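Shown next: entry02.cif, given as mmCIF, C-alpha atoms.
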```
data_data
#
loop_
_atom_site.group_PDB
_atom_site.id
_atom_site.type_symbol
_atom_site.label_atom_id
_atom_site.label_comp_id
_atom_site.auth_asym_id
_atom_site.auth_seq_id
_atom_site.Cartn_x
_atom_site.Cartn_y
_atom_site.Cartn_z
ATOM 1 C CA MET A 50 3.116 2.799 135.595
ATOM 2 C CA VAL A 51 2.975 4.504 138.978
ATOM 3 C CA LEU A 52 0.083 6.697 137.863
ATOM 4 C CA GLY A 53 -1.797 3.617 136.633
ATOM 5 C CA ILE A 54 -1.280 1.789 139.909
ATOM 6 C CA ALA A 55 -2.301 4.867 141.921
ATOM 7 C CA SER A 56 -5.469 5.196 139.854
ATOM 8 C CA VAL A 57 -6.356 1.534 140.356
ATOM 9 C CA VAL A 58 -5.789 1.842 144.124
ATOM 10 C CA LEU A 59 -7.847 5.039 144.301
ATOM 11 C CA GLY A 60 -10.663 3.499 142.279
ATOM 12 C CA THR A 61 -10.623 0.301 144.332
ATOM 13 C CA LEU A 62 -10.886 2.302 147.548
ATOM 14 C CA GLY A 63 -13.746 4.200 145.966
ATOM 15 C CA LEU A 64 -15.481 0.989 144.945
ATOM 16 C CA VAL A 65 -15.261 -0.452 148.466
ATOM 17 C CA LEU A 66 -16.372 2.737 150.206
ATOM 18 C CA ALA A 67 -19.148 3.433 147.699
ATOM 19 C CA SER A 68 -20.712 -0.009 148.064
ATOM 20 C CA GLY A 69 -23.659 1.532 149.889
ATOM 21 C CA THR A 70 -24.386 4.240 147.338
ATOM 22 C CA GLY A 71 -26.368 4.005 144.135
ATOM 23 C CA PHE A 72 -24.456 2.893 141.037
ATOM 24 C CA THR A 73 -24.695 6.356 139.491
ATOM 25 C CA ALA A 74 -25.554 8.385 142.614
ATOM 26 C CA GLY A 75 -24.926 12.102 142.137
ATOM 27 C CA THR A 76 -22.949 12.310 145.390
ATOM 28 C CA GLY A 77 -20.441 9.508 145.746
ATOM 29 C CA ALA A 78 -18.771 8.189 148.877
ATOM 30 C CA ILE A 79 -15.830 10.118 150.276
ATOM 31 C CA VAL A 80 -12.571 8.277 149.566
ATOM 32 C CA ILE A 81 -10.032 10.665 151.043
ATOM 33 C CA GLY A 82 -11.110 12.770 153.999
ATOM 34 C CA SER A 83 -14.227 12.866 156.088
ATOM 35 C CA SER A 84 -14.887 16.447 157.078
ATOM 36 C CA ASP A 85 -14.661 19.924 155.597
ATOM 37 C CA ASP A 86 -13.231 20.993 158.950
ATOM 38 C CA LEU A 87 -9.972 19.202 158.175
ATOM 39 C CA PRO A 88 -7.423 20.270 155.559
ATOM 40 C CA TRP A 89 -7.732 16.875 153.925
ATOM 41 C CA GLY A 90 -11.523 16.775 154.276
ATOM 42 C CA LYS A 91 -13.640 15.690 151.330
ATOM 43 C CA ILE A 92 -11.002 15.640 148.626
ATOM 44 C CA VAL A 93 -12.296 13.026 146.183
ATOM 45 C CA GLN A 94 -15.450 10.929 146.119
ATOM 46 C CA PHE A 95 -16.849 8.192 143.878
ATOM 47 C CA ASN A 96 -20.021 6.279 143.214
ATOM 48 C CA PRO A 97 -19.497 2.668 142.049
ATOM 49 C CA LEU A 98 -19.542 3.662 138.365
ATOM 50 C CA GLY A 99 -16.930 6.392 138.931
ATOM 51 C CA ALA A 100 -14.768 3.949 140.855
ATOM 52 C CA LEU A 101 -15.006 1.285 138.135
ATOM 53 C CA VAL A 102 -14.142 3.796 135.396
ATOM 54 C CA THR A 103 -11.117 4.963 137.403
ATOM 55 C CA ILE A 104 -9.965 1.382 137.936
ATOM 56 C CA ALA A 105 -10.383 0.573 134.236
ATOM 57 C CA LEU A 106 -8.484 3.642 133.061
ATOM 58 C CA GLY A 107 -5.752 3.078 135.637
ATOM 59 C CA ALA A 108 -5.389 -0.533 134.555
ATOM 60 C CA LEU A 109 -5.206 0.551 130.914
ATOM 61 C CA ALA A 110 -2.484 3.094 131.727
ATOM 62 C CA PHE A 111 -0.560 0.494 133.732
ATOM 63 C CA GLY A 112 -0.902 -2.139 130.997
ATOM 64 C CA GLY A 113 0.134 0.347 128.331
ATOM 65 C CA ALA A 114 3.223 1.349 130.286
ATOM 66 C CA TRP A 115 4.051 -2.300 131.019
ATOM 67 C CA LYS A 116 3.798 -3.284 127.344
ATOM 68 C CA GLY A 117 5.355 -0.084 126.050
ATOM 69 C CA SER A 118 2.174 0.846 124.204
ATOM 70 C CA ARG A 119 1.967 4.619 123.906
ATOM 71 C CA ALA A 120 -1.436 4.265 122.233
ATOM 72 C CA ALA A 121 -2.920 2.529 125.276
ATOM 73 C CA VAL A 122 -1.544 5.190 127.600
ATOM 74 C CA LEU A 123 -2.970 7.879 125.325
ATOM 75 C CA VAL A 124 -6.387 6.205 125.381
ATOM 76 C CA ALA A 125 -6.266 6.163 129.194
ATOM 77 C CA SER A 126 -5.221 9.805 129.125
ATOM 78 C CA ALA A 127 -8.174 10.706 126.915
ATOM 79 C CA GLY A 128 -10.454 8.764 129.241
ATOM 80 C CA PHE A 129 -9.317 10.729 132.276
ATOM 81 C CA VAL A 130 -9.768 14.006 130.393
ATOM 82 C CA ALA A 131 -13.292 12.874 129.479
ATOM 83 C CA CYS A 132 -13.925 12.129 133.171
ATOM 84 C CA ALA A 133 -12.708 15.628 134.061
ATOM 85 C CA ILE A 134 -15.084 17.128 131.513
ATOM 86 C CA GLN A 135 -17.936 15.037 132.952
ATOM 87 C CA VAL A 136 -17.260 16.387 136.451
ATOM 88 C CA ALA A 137 -17.027 19.955 135.167
ATOM 89 C CA VAL A 138 -20.328 19.632 133.332
ATOM 90 C CA GLN A 139 -22.341 17.683 135.897
ATOM 91 C CA TYR A 140 -20.857 18.415 139.355
ATOM 92 C CA GLY A 141 -23.486 20.070 141.524
ATOM 93 C CA ARG A 142 -26.344 18.540 139.521
ATOM 94 C CA SER A 143 -28.381 15.427 140.277
ATOM 95 C CA SER A 144 -27.179 13.790 137.046
ATOM 96 C CA ASN A 145 -23.552 13.599 138.186
ATOM 97 C CA VAL A 146 -22.991 10.099 136.791
ATOM 98 C CA LEU A 147 -19.513 9.490 138.240
ATOM 99 C CA GLY A 148 -20.428 10.973 141.636
ATOM 100 C CA GLY A 149 -17.332 13.179 141.777
ATOM 101 C CA ARG A 150 -16.615 16.675 143.105
ATOM 102 C CA GLY A 151 -14.148 19.477 142.453
ATOM 103 C CA GLY A 152 -11.235 17.420 143.756
ATOM 104 C CA ASN A 153 -12.012 14.657 141.256
ATOM 105 C CA LEU A 154 -11.919 17.250 138.497
ATOM 106 C CA GLY A 155 -8.377 18.219 139.425
ATOM 107 C CA VAL A 156 -7.141 14.646 139.795
ATOM 108 C CA PHE A 157 -8.727 13.491 136.522
ATOM 109 C CA LEU A 158 -7.407 16.522 134.628
ATOM 110 C CA ALA A 159 -3.868 16.111 135.931
ATOM 111 C CA LEU A 160 -3.893 12.359 135.228
ATOM 112 C CA GLY A 161 -5.074 13.016 131.684
ATOM 113 C CA VAL A 162 -2.440 15.637 130.953
ATOM 114 C CA GLY A 163 0.295 13.768 132.820
ATOM 115 C CA LEU A 164 -0.307 10.479 131.022
ATOM 116 C CA ALA A 165 -0.441 12.272 127.673
ATOM 117 C CA LEU A 166 2.915 13.910 128.341
ATOM 118 C CA LEU A 167 4.398 10.590 129.435
ATOM 119 C CA ALA A 168 3.158 8.946 126.229
ATOM 120 C CA LEU A 169 4.131 11.736 123.854
ATOM 121 C CA THR A 170 7.481 12.835 125.276
ATOM 122 C CA PRO A 171 10.326 11.054 123.474
ATOM 123 C CA GLU A 172 13.190 9.484 125.355
ATOM 124 C CA PRO A 173 16.125 11.831 126.030
ATOM 125 C CA ALA A 174 18.204 12.065 122.866
ATOM 126 C CA ALA A 175 21.576 10.846 124.102
ATOM 127 C CA PRO A 176 22.054 7.553 125.930
ATOM 128 C CA GLY A 177 22.834 8.221 129.560
ATOM 129 C CA SER A 178 21.592 11.771 129.301
ATOM 130 C CA LEU A 179 19.200 11.191 132.205
ATOM 131 C CA ALA A 180 22.131 10.914 134.534
ATOM 132 C CA ALA A 181 23.637 13.993 132.947
ATOM 133 C CA ASP A 182 20.755 16.181 134.080
ATOM 134 C CA PRO A 183 21.842 17.548 137.445
ATOM 135 C CA ALA A 184 18.392 18.943 138.086
ATOM 136 C CA ILE A 185 16.782 15.557 138.620
ATOM 137 C CA SER A 186 19.393 12.869 138.873
ATOM 138 C CA PRO A 187 19.208 11.580 142.473
ATOM 139 C CA ALA A 188 22.947 11.536 142.894
ATOM 140 C CA THR A 189 23.565 14.985 141.535
ATOM 141 C CA HIS A 190 20.373 16.389 143.005
ATOM 142 C CA GLU A 191 22.102 16.160 146.329
ATOM 143 C CA ALA A 192 25.378 17.569 145.147
ATOM 144 C CA PRO A 193 24.913 19.494 141.919
ATOM 145 C CA THR A 194 27.700 21.010 139.987
ATOM 146 C CA PRO A 195 27.781 24.807 139.815
ATOM 147 C CA ASN A 196 25.089 26.155 137.537
ATOM 148 C CA GLY A 197 23.774 22.653 136.974
ATOM 149 C CA MET Q 112 21.158 17.979 125.841
ATOM 150 C CA VAL Q 113 20.624 21.625 126.740
ATOM 151 C CA PRO Q 114 22.483 22.549 129.936
ATOM 152 C CA ASP Q 115 20.134 22.961 132.850
ATOM 153 C CA THR Q 116 20.695 26.526 133.953
ATOM 154 C CA ASP Q 117 18.049 26.348 136.637
ATOM 155 C CA ALA Q 118 19.123 23.429 138.792
ATOM 156 C CA ILE Q 119 17.758 23.353 142.326
ATOM 157 C CA THR Q 120 19.743 21.895 145.194
ATOM 158 C CA VAL Q 121 17.893 19.852 147.807
ATOM 159 C CA ASN Q 122 20.410 18.042 149.962
ATOM 160 C CA GLY Q 123 19.667 14.805 151.732
ATOM 161 C CA ARG Q 124 16.862 12.284 151.921
ATOM 162 C CA ALA Q 125 15.055 14.051 154.767
ATOM 163 C CA ALA Q 126 15.061 17.373 152.957
ATOM 164 C CA ARG Q 127 13.792 15.777 149.741
ATOM 165 C CA GLY Q 128 11.095 14.013 151.742
ATOM 166 C CA ALA Q 129 10.074 17.318 153.290
ATOM 167 C CA VAL Q 130 9.900 18.975 149.863
ATOM 168 C CA TRP Q 131 7.712 16.124 148.581
ATOM 169 C CA PHE Q 132 5.498 16.302 151.681
ATOM 170 C CA ILE Q 133 4.993 20.071 151.373
ATOM 171 C CA ARG Q 134 3.974 19.705 147.719
ATOM 172 C CA VAL Q 135 1.493 16.907 148.387
ATOM 173 C CA VAL Q 136 -0.109 18.641 151.381
ATOM 174 C CA VAL Q 137 -0.436 21.914 149.459
ATOM 175 C CA ALA Q 138 -2.012 19.948 146.593
ATOM 176 C CA LEU Q 139 -4.516 18.298 148.930
ATOM 177 C CA VAL Q 140 -5.446 21.675 150.403
ATOM 178 C CA TRP Q 141 -6.226 22.991 146.907
ATOM 179 C CA LEU Q 142 -8.188 19.850 145.993
ATOM 180 C CA GLN Q 143 -10.204 20.179 149.167
ATOM 181 C CA GLY Q 144 -10.788 23.844 148.372
ATOM 182 C CA ALA Q 145 -12.049 22.963 144.910
ATOM 183 C CA GLY Q 146 -14.452 20.454 146.417
ATOM 184 C CA TRP Q 147 -16.742 22.934 148.128
ATOM 185 C CA LYS Q 148 -17.085 25.329 145.178
ATOM 186 C CA ARG Q 149 -20.339 23.915 143.879
ATOM 187 C CA PRO Q 150 -21.677 24.925 140.488
ATOM 188 C CA PRO Q 151 -23.915 26.054 138.989
ATOM 189 C CA ASP Q 152 -24.413 29.139 141.210
ATOM 190 C CA PHE Q 153 -21.592 28.667 143.751
ATOM 191 C CA GLY Q 154 -23.848 29.638 146.663
ATOM 192 C CA GLU Q 155 -25.123 32.905 145.180
ATOM 193 C CA SER Q 156 -28.812 32.048 145.599
ATOM 194 C CA THR Q 157 -28.427 31.072 149.254
ATOM 195 C CA GLY Q 158 -25.630 33.438 150.279
ATOM 196 C CA THR Q 159 -23.392 30.503 151.193
ATOM 197 C CA GLY Q 160 -20.235 28.806 149.930
ATOM 198 C CA LEU Q 161 -17.905 30.683 147.621
ATOM 199 C CA TYR Q 162 -20.357 33.596 147.339
ATOM 200 C CA ARG Q 163 -20.293 34.207 151.085
ATOM 201 C CA TYR Q 164 -16.488 34.143 151.205
ATOM 202 C CA THR Q 165 -16.247 36.450 148.200
ATOM 203 C CA ARG Q 166 -18.620 38.954 149.826
ATOM 204 C CA TYR Q 167 -16.269 39.119 152.802
ATOM 205 C CA ALA Q 168 -13.989 41.263 150.606
ATOM 206 C CA VAL Q 169 -16.722 43.913 150.597
ATOM 207 C CA GLU Q 170 -18.152 43.429 154.100
ATOM 208 C CA HIS Q 171 -14.821 43.012 155.926
ATOM 209 C CA PRO Q 172 -12.292 44.569 153.547
ATOM 210 C CA VAL Q 173 -8.591 43.890 153.841
ATOM 211 C CA PHE Q 174 -7.459 46.211 151.057
ATOM 212 C CA GLY Q 175 -9.592 49.027 149.671
ATOM 213 C CA PRO Q 176 -8.865 48.632 145.945
ATOM 214 C CA TRP Q 177 -9.565 44.886 146.177
ATOM 215 C CA LYS Q 178 -12.939 45.652 147.755
ATOM 216 C CA VAL Q 179 -13.803 47.861 144.781
ATOM 217 C CA ILE Q 180 -12.708 45.200 142.278
ATOM 218 C CA VAL Q 181 -14.810 42.526 143.981
ATOM 219 C CA ARG Q 182 -17.850 44.784 144.327
ATOM 220 C CA GLU Q 183 -17.769 46.205 140.812
ATOM 221 C CA ILE Q 184 -16.383 43.340 138.723
ATOM 222 C CA VAL Q 185 -16.464 40.013 140.549
ATOM 223 C CA LEU Q 186 -19.888 40.002 142.222
ATOM 224 C CA PRO Q 187 -21.808 41.217 139.141
ATOM 225 C CA ASN Q 188 -20.228 38.363 137.140
ATOM 226 C CA PHE Q 189 -20.213 35.822 139.910
ATOM 227 C CA THR Q 190 -21.000 32.668 137.938
ATOM 228 C CA VAL Q 191 -18.065 33.256 135.581
ATOM 229 C CA PHE Q 192 -15.847 33.982 138.579
ATOM 230 C CA GLY Q 193 -17.043 30.824 140.339
ATOM 231 C CA TRP Q 194 -16.192 28.631 137.370
ATOM 232 C CA ALA Q 195 -12.767 30.265 137.077
ATOM 233 C CA VAL Q 196 -12.042 29.603 140.755
ATOM 234 C CA LEU Q 197 -13.247 25.991 140.571
ATOM 235 C CA LEU Q 198 -11.170 25.190 137.497
ATOM 236 C CA LEU Q 199 -8.119 27.030 138.817
ATOM 237 C CA GLU Q 200 -8.116 25.373 142.242
ATOM 238 C CA ALA Q 201 -8.862 21.927 140.789
ATOM 239 C CA ALA Q 202 -5.965 22.311 138.361
ATOM 240 C CA LEU Q 203 -3.705 23.589 141.141
ATOM 241 C CA GLY Q 204 -4.477 20.552 143.269
ATOM 242 C CA GLY Q 205 -4.170 18.013 140.487
ATOM 243 C CA PHE Q 206 -0.973 19.290 138.911
ATOM 244 C CA LEU Q 207 0.763 19.889 142.250
ATOM 245 C CA LEU Q 208 -0.242 16.394 143.390
ATOM 246 C CA LEU Q 209 1.402 14.842 140.328
ATOM 247 C CA GLY Q 210 4.294 17.302 140.386
ATOM 248 C CA LEU Q 211 3.740 18.529 136.841
ATOM 249 C CA ALA Q 212 4.816 22.079 135.866
ATOM 250 C CA THR Q 213 5.190 22.563 139.584
ATOM 251 C CA ARG Q 214 7.059 25.879 139.650
ATOM 252 C CA PHE Q 215 4.410 27.462 137.437
ATOM 253 C CA TRP Q 216 1.570 26.144 139.598
ATOM 254 C CA GLY Q 217 3.404 27.180 142.771
ATOM 255 C CA LEU Q 218 3.410 30.784 141.572
ATOM 256 C CA VAL Q 219 -0.227 30.545 140.473
ATOM 257 C CA GLY Q 220 -1.113 29.086 143.863
ATOM 258 C CA ALA Q 221 0.664 31.897 145.687
ATOM 259 C CA ALA Q 222 -1.240 34.472 143.636
ATOM 260 C CA GLN Q 223 -4.543 32.710 144.301
ATOM 261 C CA ALA Q 224 -3.741 32.520 148.016
ATOM 262 C CA VAL Q 225 -3.112 36.280 148.023
ATOM 263 C CA ALA Q 226 -6.497 36.822 146.359
ATOM 264 C CA ILE Q 227 -8.208 34.621 148.952
ATOM 265 C CA GLY Q 228 -6.406 36.365 151.786
ATOM 266 C CA LEU Q 229 -7.442 39.776 150.471
ATOM 267 C CA SER Q 230 -11.039 38.571 150.542
ATOM 268 C CA ALA Q 231 -11.293 36.609 153.771
ATOM 269 C CA ALA Q 232 -8.423 37.472 156.115
ATOM 270 C CA ASN Q 233 -10.515 40.007 158.085
ATOM 271 C CA ALA Q 234 -13.695 37.934 158.153
ATOM 272 C CA PRO Q 235 -15.224 36.951 161.506
ATOM 273 C CA ARG Q 236 -13.858 33.717 162.998
ATOM 274 C CA GLU Q 237 -11.139 33.555 160.347
ATOM 275 C CA PHE Q 238 -7.454 33.394 161.274
ATOM 276 C CA GLY Q 239 -5.891 35.676 158.692
ATOM 277 C CA GLY Q 240 -2.497 34.067 159.101
ATOM 278 C CA THR Q 241 -3.837 30.909 157.463
ATOM 279 C CA TYR Q 242 -3.967 32.622 154.094
ATOM 280 C CA TRP Q 243 -0.512 34.121 154.348
ATOM 281 C CA LEU Q 244 0.849 30.702 155.338
ATOM 282 C CA LEU Q 245 -0.779 29.327 152.205
ATOM 283 C CA VAL Q 246 1.046 31.988 150.179
ATOM 284 C CA VAL Q 247 4.338 30.978 151.782
ATOM 285 C CA ALA Q 248 3.710 27.254 151.255
ATOM 286 C CA ASN Q 249 3.050 27.771 147.554
ATOM 287 C CA LEU Q 250 6.165 29.934 147.251
ATOM 288 C CA ALA Q 251 8.141 27.130 148.916
ATOM 289 C CA VAL Q 252 6.842 24.708 146.276
ATOM 290 C CA PHE Q 253 8.011 27.148 143.598
ATOM 291 C CA ALA Q 254 11.382 27.881 145.184
ATOM 292 C CA THR Q 255 12.311 24.232 145.677
ATOM 293 C CA ALA Q 256 10.973 23.075 142.276
ATOM 294 C CA ALA Q 257 9.172 20.449 144.304
ATOM 295 C CA GLY Q 258 7.931 18.480 141.305
ATOM 296 C CA ARG Q 259 11.482 17.283 140.635
ATOM 297 C CA VAL Q 260 11.297 15.253 143.845
ATOM 298 C CA GLY Q 261 8.945 12.307 143.405
ATOM 299 C CA GLY Q 262 6.984 14.094 140.704
ATOM 300 C CA LEU Q 263 6.458 13.996 136.952
ATOM 301 C CA ASP Q 264 8.751 16.992 136.485
ATOM 302 C CA GLY Q 265 11.624 14.844 137.727
ATOM 303 C CA VAL Q 266 10.746 12.067 135.275
ATOM 304 C CA LEU Q 267 10.119 14.181 132.191
ATOM 305 C CA ARG Q 268 12.507 17.107 132.598
ATOM 306 C CA PRO Q 269 15.532 15.316 131.060
ATOM 307 C CA ALA Q 270 13.562 14.708 127.883
ATOM 308 C CA TRP Q 271 12.285 18.278 127.833
ATOM 309 C CA LEU Q 272 15.858 19.507 128.200
ATOM 310 C CA SER Q 273 17.082 17.313 125.354
ATOM 311 C CA ALA Q 274 14.544 18.410 122.752
ATOM 312 C CA ASP Q 275 14.501 21.898 121.288
ATOM 313 C CA ARG Q 276 10.778 22.529 121.021
ATOM 314 C CA ARG Q 277 8.838 25.567 122.176
ATOM 315 C CA TRP Q 278 6.505 23.533 124.376
ATOM 316 C CA TYR Q 279 9.403 21.743 126.032
ATOM 317 C CA ARG Q 280 11.217 25.008 126.668
ATOM 318 C CA TRP Q 281 8.106 26.270 128.426
ATOM 319 C CA LEU Q 282 7.826 23.053 130.435
ATOM 320 C CA VAL Q 283 11.477 23.316 131.467
ATOM 321 C CA ARG Q 284 10.815 26.820 132.779
ATOM 322 C CA ALA Q 285 7.577 25.691 134.445
ATOM 323 C CA SER Q 286 9.167 22.703 136.163
#
```

Could you write out this structure as structure tokens?
Amino acid sequence: MVLGIASVVLGTLGLVLASGTGFTAGTGAIVIGSSDDLPWGKIVQFNPLGALVTIALGALAFGGAWKGSRAAVLVASAGFVACAIQVAVQYGRSSNVLGGRGGNLGVFLALGVGLALLALTPEPAAPGSLAADPAISPATHEAPTPNG
Amino acid sequence: MVPDTDAITVNGRAARGAVWFIRVVVALVWLQGAGWKRPPDFGESTGTGLYRYTRYAVEHPVFGPWKVIVREIVLPNFTVFGWAVLLLEAALGGFLLLGLATRFWGLVGAAQAVAIGLSAANAPREFGGTYWLLVVANLAVFATAAGRVGGLDGVLRPAWLSADRRWYRWLVRAS
């Protein structure tokens, strides 16, 4: 759900900031960062089409998680992977239909793989086993037992 | 559930926040780095971009054997190398941002930072310490298993621990 919301927020920011660029402009508007001189400069960018696709896929992932539909989350995952492939194929060319850059490639790829793992990974076998994992449980993360 | 033999201790809210912050900033640095590696020629035709930085390994060498590797293997196959760097740094940024297989990507990031440092640390107007700090930051992400704090590793690791599948065993080690 968090990944879906983050994608919708990112896409919405992209849509607002890319309002002055062509719908499928090869170089989209910068969403995070403004300068290559800064560590956070020019991280991701969108044209309006790229922003709308990100919003749609994020909303699908959120809706799928909300309704417990693994299929919907998997479709969103496949969509993000397709977006990553688009960036890899078209970035640096005039026909870059989503207007992204290398940073978009990384974000799309990770969202695709991450959502797929979230959809395909079964719940822990034993009830309450989440709390039994000292590696991640908030309470035990602070004070783990010896050797986990 | 399989006992977690690789638990990492991060005590306190402030420390966990710092671990999360380090991971996210390192991820953003890699994403930004991926952004200026522009295919299809990665600056080879104009002597700019990734090509210029890669040539620094030959023109301002840090380590002799690395200079030979870059001159004899990397530069003659520069387009392949450029694609590998773009995909690697994009993946580093994306997976570290989400906190997925974070320990694996922390080690990969440290290795990539070493490679960058060996190419550019002696270049004009470059502060060589930047690259070694990037190595250290990626090692910190690895050492603290930073994806278990506010990342997907923390969400999915219990399920990976509870199922005896090869992929899950790998993900447990990578997280």

Using the chain letters and numbers from this file, what does the PyMOL selection byres ((chain Q) within 7 of (chain A)) select? Give the answer as number ranges by chain. Q: 115-123, 139-140, 142-143, 145-146, 149-151, 197, 201-202, 204-206, 209, 259, 265, 269-270, 273

Atom CA of Ala256 of chain Q and atom CA of Arg277 of chain Q, how far apart in Å?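 Atom CA of Arg277 of chain Q sits 20.4 Å away from atom CA of Ala256 of chain Q.
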
For Ser144 of chain A, the nearest of the candidates A:Val102, A:Ala67, A:Val122, A:Ala74, counting only C-alpha atoms: A:Ala74

Could you state the separation of atom CA of Ser230 of chain Q and atom CA of Phe174 of chain Q in Å, given to one decimal place?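 Answer for the atom CA of Ser230 of chain Q to atom CA of Phe174 of chain Q separation: 8.5 Å.
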
Give the answer as one residue: which of Q:Arg276, Q:Leu263, Q:Asp152, Q:Ala254 has the shortest atom-to-atom distance to Val191 of chain Q, using all atoms listed in the file? Q:Asp152

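Once Met50 of chain A and its same-chain neighbours fewer than 2 positions away are set aside, Leu52, Gly53, Ile54, Ala55, Gly107, Ala110, Phe111, Gly112, Gly113, Ala114 and Trp115 of chain A remain within 9 Å of it when counting only C-alpha atoms.
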
For the file shown, what are the residues hit by the PyMOL selection byres ((chain Q and resi 262) around 9), laid out as JSON, numbers by chain? {"Q": [131, 207, 208, 209, 210, 211, 213, 257, 258, 259, 260, 261, 263, 264, 265, 266]}

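When all atoms listed in the file are used to compute distances to Gly154 of chain Q, the closest of the residues Q:Trp141, Q:Trp216, Q:Phe189, Q:Trp177 turns out to be Q:Phe189.
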
What is the distance, in Å and to one decimal place, between atom CA of Gln135 of chain A and atom CA of Gly148 of chain A?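 Going from atom CA of Gln135 of chain A over to atom CA of Gly148 of chain A, I get 9.9 Å.
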
Would you write out, as a PDB file with C-alpha atoms, keeping the file's coordinate frame, every residue that the PyMOL selection byres ((chain A and resi 60) around 9) captures in this file?
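Generated file (out_20.pdb):
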```pdb
ATOM      1  CA  ALA A  55      -2.301   4.867 141.921  1.00  0.00           C
ATOM      2  CA  SER A  56      -5.469   5.196 139.854  1.00  0.00           C
ATOM      3  CA  VAL A  57      -6.356   1.534 140.356  1.00  0.00           C
ATOM      4  CA  VAL A  58      -5.789   1.842 144.124  1.00  0.00           C
ATOM      5  CA  LEU A  59      -7.847   5.039 144.301  1.00  0.00           C
ATOM      6  CA  THR A  61     -10.623   0.301 144.332  1.00  0.00           C
ATOM      7  CA  LEU A  62     -10.886   2.302 147.548  1.00  0.00           C
ATOM      8  CA  GLY A  63     -13.746   4.200 145.966  1.00  0.00           C
ATOM      9  CA  LEU A  64     -15.481   0.989 144.945  1.00  0.00           C
ATOM     10  CA  VAL A  65     -15.261  -0.452 148.466  1.00  0.00           C
ATOM     11  CA  VAL A  80     -12.571   8.277 149.566  1.00  0.00           C
ATOM     12  CA  PHE A  95     -16.849   8.192 143.878  1.00  0.00           C
ATOM     13  CA  PRO A  97     -19.497   2.668 142.049  1.00  0.00           C
ATOM     14  CA  GLY A  99     -16.930   6.392 138.931  1.00  0.00           C
ATOM     15  CA  ALA A 100     -14.768   3.949 140.855  1.00  0.00           C
ATOM     16  CA  LEU A 101     -15.006   1.285 138.135  1.00  0.00           C
ATOM     17  CA  VAL A 102     -14.142   3.796 135.396  1.00  0.00           C
ATOM     18  CA  THR A 103     -11.117   4.963 137.403  1.00  0.00           C
ATOM     19  CA  ILE A 104      -9.965   1.382 137.936  1.00  0.00           C
ATOM     20  CA  ALA A 105     -10.383   0.573 134.236  1.00  0.00           C
ATOM     21  CA  GLY A 107      -5.752   3.078 135.637  1.00  0.00           C
TER      22      GLY A 107
END
```
